[in-house]
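**Q** Got input_8.csv for you, CSV, C-alpha atoms and all ligand atoms:
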chain,number,residue,atom,x,y,z
A,1142,MET,CA,0.0,0.0,0.0
A,1143,GLN,CA,1.3,3.5,-0.8
A,1144,ARG,CA,1.3,6.0,1.9
A,1145,GLY,CA,1.5,9.8,1.6
A,1146,ILE,CA,4.9,11.3,2.4
A,1147,ASN,CA,6.0,14.8,3.4
A,1148,PRO,CA,6.7,16.8,0.2
A,1149,ARG,CA,10.0,18.0,1.8
A,1150,ASP,CA,11.2,14.3,1.6
A,1151,VAL,CA,11.0,14.5,-2.2
A,1152,ASP,CA,13.2,17.6,-2.2
A,1153,VAL,CA,15.7,15.9,0.2
A,1154,LEU,CA,15.9,12.8,-1.9
A,1155,LEU,CA,16.2,14.8,-5.1
A,1156,SER,CA,19.0,16.8,-3.6
A,1157,ASP,CA,20.7,13.6,-2.5
A,1158,SER,CA,20.4,12.0,-5.9
A,1159,LEU,CA,21.7,15.1,-7.7
A,1160,ARG,CA,24.4,15.6,-5.0
A,1161,GLN,CA,23.3,19.2,-4.7
A,1162,PRO,CA,22.2,21.2,-1.7
A,1163,LEU,CA,18.5,21.8,-1.1
A,1164,ALA,CA,18.8,25.5,-2.1
A,1165,TYR,CA,19.9,24.3,-5.6
A,1166,ILE,CA,16.7,22.3,-6.0
A,1167,VAL,CA,14.6,25.3,-5.1
A,1168,ALA,CA,16.5,27.6,-7.5
A,1169,HIS,CA,16.5,25.1,-10.4
A,1170,GLY,CA,12.9,23.8,-10.5
A,1171,ASP,CA,12.8,23.7,-14.3
A,1172,GLU,CA,16.0,21.6,-14.8
A,1173,ARG,CA,15.5,18.2,-16.5
A,1174,ILE,CA,16.9,15.2,-14.6
A,1175,ASP,CA,17.4,11.4,-15.1
A,1176,SER,CA,14.5,10.3,-12.9
A,1177,ALA,CA,15.3,6.6,-12.5
A,1178,SER,CA,17.5,6.9,-9.4
A,1179,LEU,CA,15.1,9.3,-7.8
A,1180,GLU,CA,12.1,7.1,-8.5
A,1181,ALA,CA,13.9,4.1,-6.8
A,1182,LEU,CA,14.4,6.2,-3.7
A,1183,LEU,CA,10.9,7.5,-3.7
A,1184,ARG,CA,9.5,4.0,-4.1
A,1185,ARG,CA,11.3,3.1,-0.9
A,1186,ARG,CA,10.0,6.2,0.9
A,1187,PHE,CA,6.4,5.5,-0.3
A,1188,SER,CA,6.6,2.0,1.0
A,1189,GLY,CA,7.2,3.4,4.4
A,1190,GLU,CA,10.9,3.1,4.8
A,1191,PRO,CA,12.2,5.9,7.1
A,1192,LEU,CA,14.0,8.8,5.2
A,1193,GLN,CA,17.0,8.3,7.5
A,1194,TYR,CA,17.5,4.7,6.4
A,1195,ILE,CA,17.2,5.6,2.7
A,1196,ARG,CA,19.7,8.5,3.2
A,1197,ARG,CA,21.9,6.3,5.5
A,1198,ARG,CA,22.4,9.3,7.8
A,1199,THR,CA,20.8,11.4,10.5
A,1200,GLU,CA,21.7,14.3,12.8
A,1201,PHE,CA,22.0,13.9,16.5
A,1202,PHE,CA,23.5,16.3,19.0
A,1203,GLY,CA,25.0,18.4,16.2
A,1204,HIS,CA,26.8,15.4,14.6
A,1205,GLU,CA,26.0,13.3,11.6
A,1206,PHE,CA,25.6,9.6,12.2
A,1207,TYR,CA,25.4,6.7,9.7
A,1208,VAL,CA,22.2,4.7,10.2
A,1209,ASP,CA,20.7,1.7,8.6
A,1210,ASP,CA,18.0,-0.9,9.6
A,1211,ARG,CA,20.4,-2.6,12.1
A,1212,VAL,CA,19.9,0.4,14.5
A,1213,LEU,CA,17.2,2.6,16.0
A,1214,ILE,CA,17.2,6.0,14.4
A,1215,PRO,CA,18.4,8.4,17.1
A,1216,ARG,CA,15.6,10.5,18.4
A,1217,PRO,CA,15.8,14.2,19.4
A,1218,GLU,CA,14.5,13.5,23.0
A,1219,THR,CA,17.6,11.3,23.6
A,1220,GLU,CA,19.7,14.5,23.3
A,1221,LEU,CA,18.3,15.3,26.8
A,1222,LEU,CA,20.0,12.1,28.1
A,1223,VAL,CA,23.3,13.2,26.6
A,1224,GLU,CA,23.0,16.7,28.0
A,1225,THR,CA,22.3,15.3,31.5
A,1226,ALA,CA,25.2,12.9,31.3
A,1227,ILE,CA,27.6,15.7,30.1
A,1228,ALA,CA,26.5,17.9,33.1
A,1229,ARG,CA,26.6,15.1,35.7
A,1230,ALA,CA,29.3,12.6,34.9
A,1231,PRO,CA,32.2,13.0,37.4
A,1232,ARG,CA,35.5,14.1,35.9
A,1233,GLY,CA,37.4,11.2,34.4
A,1234,ALA,CA,34.5,8.8,35.0
A,1235,ARG,CA,34.3,5.3,33.4
A,1236,VAL,CA,30.9,5.3,31.6
A,1237,ILE,CA,29.1,2.4,30.0
A,1238,ASP,CA,26.3,3.1,27.4
A,1239,ILE,CA,24.1,0.0,27.6
A,1240,GLY,CA,22.3,-0.6,24.3
A,1241,THR,CA,24.5,1.7,22.3
A,1242,GLY,CA,22.8,1.1,18.9
A,1243,SER,CA,24.2,3.6,16.4
A,1244,GLY,CA,26.6,4.8,19.1
A,1245,CYS,CA,24.9,8.2,19.1
A,1246,ILE,CA,25.0,8.6,22.9
A,1247,ALA,CA,28.5,7.2,23.4
A,1248,VAL,CA,30.1,9.2,20.6
A,1249,SER,CA,28.3,12.5,21.5
A,1250,LEU,CA,29.3,12.1,25.1
A,1251,GLN,CA,32.9,11.2,24.4
A,1252,LEU,CA,33.2,14.2,22.0
A,1253,ALA,CA,31.7,16.6,24.5
A,1254,ARG,CA,33.7,15.2,27.5
A,1255,PRO,CA,37.1,13.9,26.3
A,1256,ASP,CA,38.0,13.3,30.0
A,1257,LEU,CA,35.5,10.4,30.2
A,1258,ARG,CA,36.2,6.8,29.2
A,1259,VAL,CA,33.0,5.7,27.4
A,1260,VAL,CA,32.3,2.1,26.5
A,1261,GLY,CA,29.3,1.1,24.4
A,1262,VAL,CA,27.7,-2.3,24.6
A,1263,ASP,CA,24.9,-4.0,22.7
A,1264,THR,CA,23.6,-7.5,22.1
A,1265,SER,CA,23.2,-6.8,18.4
A,1266,VAL,CA,26.4,-7.4,16.4
A,1267,GLY,CA,24.9,-5.4,13.6
A,1268,ALA,CA,24.4,-2.4,16.0
A,1269,LEU,CA,28.0,-2.7,17.2
A,1270,THR,CA,29.2,-2.6,13.5
A,1271,VAL,CA,27.2,0.6,13.0
A,1272,ALA,CA,28.5,2.2,16.2
A,1273,LYS,CA,32.0,1.5,15.0
A,1274,ILE,CA,31.3,3.2,11.7
A,1275,ASN,CA,30.2,6.2,13.7
A,1276,GLY,CA,33.5,6.4,15.5
A,1277,ALA,CA,32.8,4.6,18.8
A,1278,THR,CA,36.2,3.2,19.8
A,1279,ALA,CA,35.4,1.1,22.9
A,1280,LEU,CA,32.7,-1.4,22.1
A,1281,ALA,CA,31.7,-4.8,23.4
A,1282,ALA,CA,29.0,-7.4,22.8
A,1283,SER,CA,27.2,-7.7,26.2
A,1284,ASP,CA,23.8,-8.6,27.4
A,1285,VAL,CA,23.3,-5.6,29.8
A,1286,LEU,CA,26.4,-5.8,32.0
A,1287,SER,CA,26.9,-9.6,31.9
A,1288,ALA,CA,30.2,-9.4,29.9
A,1289,PHE,CA,31.8,-7.2,32.6
A,1290,ARG,CA,33.4,-7.9,35.9
A,1291,ARG,CA,35.0,-4.4,36.4
A,1292,ASP,CA,33.0,-1.5,37.7
A,1293,PHE,CA,31.9,1.6,36.0
A,1294,ASP,CA,31.3,5.1,37.6
A,1295,LEU,CA,28.2,5.7,35.6
A,1296,VAL,CA,25.7,3.8,33.5
A,1297,VAL,CA,23.8,5.6,30.7
A,1298,ALA,CA,21.1,3.9,28.7
A,1299,ASN,CA,18.3,4.4,26.3
A,1300,PRO,CA,17.0,0.8,26.6
A,1301,PRO,CA,14.2,-0.8,24.6
A,1302,TYR,CA,11.2,0.2,26.7
A,1303,ILE,CA,8.0,-0.4,24.8
A,1304,ALA,CA,5.6,-3.1,26.1
A,1305,ALA,CA,5.2,-5.9,23.5
A,1306,GLN,CA,1.4,-5.4,23.2
A,1307,GLU,CA,1.9,-1.6,22.5
A,1308,MET,CA,4.0,-2.4,19.4
A,1309,GLN,CA,0.8,-2.6,17.3
A,1310,GLN,CA,0.1,1.1,18.2
A,1311,LEU,CA,3.4,2.3,16.8
A,1312,ALA,CA,3.5,4.1,13.5
A,1313,PRO,CA,4.1,1.4,10.7
A,1314,GLU,CA,7.3,3.4,9.8
A,1315,VAL,CA,8.7,2.5,13.2
A,1316,ARG,CA,7.1,-0.9,13.8
A,1317,ASP,CA,7.9,-2.4,10.4
A,1318,HIS,CA,11.3,-1.0,9.8
A,1319,GLU,CA,13.3,-0.3,13.0
A,1320,PRO,CA,14.8,-3.4,14.8
A,1321,ARG,CA,12.3,-5.0,17.2
A,1322,ILE,CA,15.1,-5.7,19.7
A,1323,ALA,CA,15.7,-1.9,19.9
A,1324,LEU,CA,12.0,-1.2,20.6
A,1325,THR,CA,10.6,-3.8,22.9
A,1326,PRO,CA,12.2,-6.0,25.6
A,1327,GLY,CA,9.0,-8.0,26.3
A,1328,ALA,CA,5.6,-7.9,27.8
A,1329,ARG,CA,6.2,-5.4,30.6
A,1330,GLY,CA,8.4,-3.0,28.6
A,1331,THR,CA,10.7,-2.7,31.7
A,1332,GLU,CA,12.6,-6.0,31.4
A,1333,VAL,CA,16.0,-4.5,30.3
A,1334,ILE,CA,15.5,-1.6,32.8
A,1335,GLU,CA,14.9,-4.1,35.6
A,1336,ARG,CA,18.1,-6.0,34.7
A,1337,ILE,CA,20.2,-2.7,34.5
A,1338,LEU,CA,19.0,-1.8,38.0
A,1339,ALA,CA,19.6,-5.3,39.3
A,1340,GLN,CA,23.2,-5.5,37.8
A,1341,ALA,CA,24.5,-2.0,38.1
A,1342,LYS,CA,26.5,-1.0,41.2
A,1343,THR,CA,26.7,2.6,40.2
A,1344,ASN,CA,24.6,5.7,39.3
A,1345,VAL,CA,22.4,5.4,36.3
A,1346,ILE,CA,21.1,8.0,33.8
A,1347,MET,CA,18.3,6.5,31.8
A,1348,GLU,CA,15.7,7.4,29.2
A,1349,ILE,CA,12.2,6.1,29.9
A,1350,ALA,CA,9.0,5.8,28.0
A,1351,MET,CA,6.0,8.1,28.2
A,1352,GLY,CA,3.9,7.0,31.2
A,1353,GLN,CA,6.7,4.8,32.7
A,1354,GLU,CA,7.7,7.1,35.6
A,1355,SER,CA,5.7,5.4,38.4
A,1356,ALA,CA,6.9,1.9,37.3
A,1357,ILE,CA,10.5,3.2,37.4
A,1358,ARG,CA,10.0,4.7,40.9
A,1359,GLU,CA,8.8,1.2,42.1
A,1360,LEU,CA,11.7,-0.5,40.5
A,1361,ALA,CA,14.1,2.0,42.0
A,1362,ALA,CA,12.7,1.3,45.4
A,1363,ILE,CA,13.0,-2.5,45.0
A,1364,HIS,CA,16.6,-2.1,43.9
A,1365,ARG,CA,17.5,0.5,46.5
A,1366,TYR,CA,18.1,3.4,44.2
A,1367,ASP,CA,17.4,7.0,45.1
A,1368,ILE,CA,15.9,9.1,42.3
A,1369,ASP,CA,17.9,12.3,42.1
A,1370,ALA,CA,16.0,13.8,39.2
A,1371,VAL,CA,13.3,13.2,36.7
A,1372,ILE,CA,13.8,15.5,33.7
A,1373,ASN,CA,11.0,16.4,31.3
A,1374,ASP,CA,11.6,16.6,27.5
A,1375,LEU,CA,10.5,19.6,25.4
A,1376,ALA,CA,6.9,18.2,25.2
A,1377,GLY,CA,6.7,18.1,29.1
A,1378,ILE,CA,7.0,14.3,29.2
A,1379,PRO,CA,9.2,12.8,32.0
A,1380,ARG,CA,11.9,11.4,29.9
A,1381,VAL,CA,15.3,11.1,31.7
A,1382,VAL,CA,15.7,9.6,35.2
A,1383,VAL,CA,18.8,10.1,37.3
A,1384,LEU,CA,19.2,7.3,39.8
A,1385,SER,CA,21.8,7.3,42.6
A,1386,ALA,CA,23.2,4.1,43.9
A,1387,ARG,CA,23.9,5.6,47.3
A,1388,GLY,CA,21.6,3.2,49.1
A,1389,ARG,CA,23.0,0.1,47.3
A,1390,ARG,CA,26.6,0.4,48.6
A,1401,LIG,C1,16.2,2.1,22.1
A,1401,LIG,S1,17.7,1.4,21.3
A,1401,LIG,C2,18.8,2.7,21.7
A,1401,LIG,C3,19.9,2.9,20.7
A,1401,LIG,C4,20.8,4.1,20.9
A,1401,LIG,N1,21.4,4.1,22.2
A,1401,LIG,C5,19.9,5.4,20.8
A,1401,LIG,O1,19.7,6.0,21.9
A,1401,LIG,O2,19.5,5.7,19.7
A,1401,LIG,C6,18.1,0.1,22.4
A,1401,LIG,C7,19.4,-0.7,22.1
A,1401,LIG,O3,19.5,-1.7,23.1
A,1401,LIG,C8,20.0,-2.9,22.5
A,1401,LIG,N2,19.6,-4.0,23.4
A,1401,LIG,C9,18.4,-4.6,23.6
A,1401,LIG,N3,18.5,-5.5,24.6
A,1401,LIG,C10,19.7,-5.4,25.1
A,1401,LIG,C11,20.4,-6.1,26.2
A,1401,LIG,N4,19.8,-7.1,26.8
A,1401,LIG,N5,21.7,-5.8,26.4
A,1401,LIG,C12,22.3,-4.8,25.7
A,1401,LIG,N6,21.7,-4.1,24.7
A,1401,LIG,C13,20.5,-4.4,24.4
A,1401,LIG,C14,19.3,-2.9,21.2
A,1401,LIG,O4,20.0,-3.8,20.3
A,1401,LIG,C15,19.3,-1.4,20.7
A,1401,LIG,O5,20.5,-1.2,20.0
Rewrite the structure of this file - the entire thing - as structure tokens.
**A**
Amino acid sequence: MQRGINPRDVDVLLSDSLRQPLAYIVAHGDERIDSASLEALLRRRFSGEPLQYIRRRTEFFGHEFYVDDRVLIPRPETELLVETAIARAPRGARVIDIGTGSGCIAVSLQLARPDLRVVGVDTSVGALTVAKINGATALAASDVLSAFRRDFDLVVANPPYIAAQEMQQLAPEVRDHEPRIALTPGARGTEVIERILAQAKTNVIMEIAMGQESAIRELAAIHRYDIDAVINDLAGIPRVVVLSARGRR
């Protein structure tokens, strides 16, 4: 089934296929083009494939990242997690980014705070390959923290957090194209979060889903974490939770 697309996507794909900036497209509306390559790109877009996968790139935190269907497309709200980690990570801290995906958090954090030692982990080998393309230098395959004996000073994570039965309500563009493992961890939506809180011995800065705050507060209490802050995104939705491991030590 063909779906409607944003007319701007056509301009963006045209500018990509002509290798010219968007301004050129606007100024040269009457130029004749070989339409075959553009039509191939537009067919993919009309079939619902996200623009970022077709273009193989996206912007995050002022940097360009390579993306393909092995990784979640970085979302603007995740920039709040990066900002929070930049502001709160102790000097020289060893930081682990659990579920690094494209590496957008790990790379942005490392660039902004060269004093930190940031390691990105993921269970998806495809995601680790993409994170490496994006310049993440310290990477490991790990199911949450299970591959590590050593301690970290800070955990950052944007874990999969959508409850399995809510997957049907997602836009088809997300549900049918982005990796399922990046979206849902299981029936409750909190399965990976629970394991992070059970395994981490240190402070955690984590992105959560809309409506998940009270579940996170309960899990924090079970695992003896204090909640230092819950930070709203630009839409006013509680999005980033700062958890202190004080009570666990
Ligand atoms: C929501 S995506 C976040 C990707 C990236 N950090 C971002 O913010 O765009 C979640 C990531 O967690 C990974 N993941 C899922 N379960 C995991 C687990 N048990 N241990 C480590 N990583 C996991 C997925 O492969 C996916 O790359």
**Q** Taking all atoms listed in the file and a cut-off of 7 Å, can you tell me which residues surround ligand LIG 1401 (chain A), written as a ChimeraX atom specification?
**A** /A:1212-1216,1219,1239-1246,1262-1265,1268,1283-1285,1298-1301,1322-1324,1326,1333
**Q** So that I have them on file, write out the residues from the current selection with C-alpha atoms, as a CSV table (one decimal), keeping the file's coordinate frame.
**A**
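For reference, out02.csv as written:
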chain,number,residue,atom,x,y,z
A,1212,VAL,CA,19.9,0.4,14.5
A,1213,LEU,CA,17.2,2.6,16.0
A,1214,ILE,CA,17.2,6.0,14.4
A,1215,PRO,CA,18.4,8.4,17.1
A,1216,ARG,CA,15.6,10.5,18.4
A,1219,THR,CA,17.6,11.3,23.6
A,1239,ILE,CA,24.1,0.0,27.6
A,1240,GLY,CA,22.3,-0.6,24.3
A,1241,THR,CA,24.5,1.7,22.3
A,1242,GLY,CA,22.8,1.1,18.9
A,1243,SER,CA,24.2,3.6,16.4
A,1244,GLY,CA,26.6,4.8,19.1
A,1245,CYS,CA,24.9,8.2,19.1
A,1246,ILE,CA,25.0,8.6,22.9
A,1262,VAL,CA,27.7,-2.3,24.6
A,1263,ASP,CA,24.9,-4.0,22.7
A,1264,THR,CA,23.6,-7.5,22.1
A,1265,SER,CA,23.2,-6.8,18.4
A,1268,ALA,CA,24.4,-2.4,16.0
A,1283,SER,CA,27.2,-7.7,26.2
A,1284,ASP,CA,23.8,-8.6,27.4
A,1285,VAL,CA,23.3,-5.6,29.8
A,1298,ALA,CA,21.1,3.9,28.7
A,1299,ASN,CA,18.3,4.4,26.3
A,1300,PRO,CA,17.0,0.8,26.6
A,1301,PRO,CA,14.2,-0.8,24.6
A,1322,ILE,CA,15.1,-5.7,19.7
A,1323,ALA,CA,15.7,-1.9,19.9
A,1324,LEU,CA,12.0,-1.2,20.6
A,1326,PRO,CA,12.2,-6.0,25.6
A,1333,VAL,CA,16.0,-4.5,30.3
**Q** Which residues are near Asp1152 (chain A)? Cut-off 12 Å, all atoms listed in the file, ignore same chain within fewer than 6 positions. Put them as a ChimeraX atom specification.
**A** /A:1146,1158-1170,1179,1182-1183,1192
**Q** Find, counting all atoms listed in the file, the residue in A:Val1382, A:Thr1331, A:Leu1155, A:Gly1377 that gets nearest to Glu1172 (chain A).
**A**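 Result for the nearest residue to Glu1172 (chain A): A:Leu1155.
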**Q** If you measure from CA of Gly1276 (chain A) to CA of Asp1292 (chain A), what distance in Å do you get, rounded to one decimal?
**A**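 Computed distance, CA of Gly1276 (chain A) to CA of Asp1292 (chain A), equals 23.6 Å.
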**Q** In Å, with one decimal, what is the gap from CA of Pro1191 (chain A) to CA of Glu1314 (chain A)?
**A**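 Rounded to one decimal, the two atoms are 6.1 Å apart.
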**Q** Could you please determine the separation between CA of Gln1193 (chain A) and CA of Val1208 (chain A) in Å, to one decimal place?
**A**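 So the answer is 6.9 Å.
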**Q** Neighbours of region 1202-1207 of chain A within 7 Å (all atoms listed in the file; same-chain residues fewer than 6 positions away dropped), as a VMD selection string?
**A** chain A and resid 1220 1249 1275
**Q** When you look at region 1385-1388 of chain A with a cut-off of 9 Å (counting only C-alpha atoms), what residues show up, excluding the ones that are within fewer than 3 positions of it in the same chain? I need them as an MDAnalysis selection string.
**A** chainID A and resid 1341:1346 1364:1369
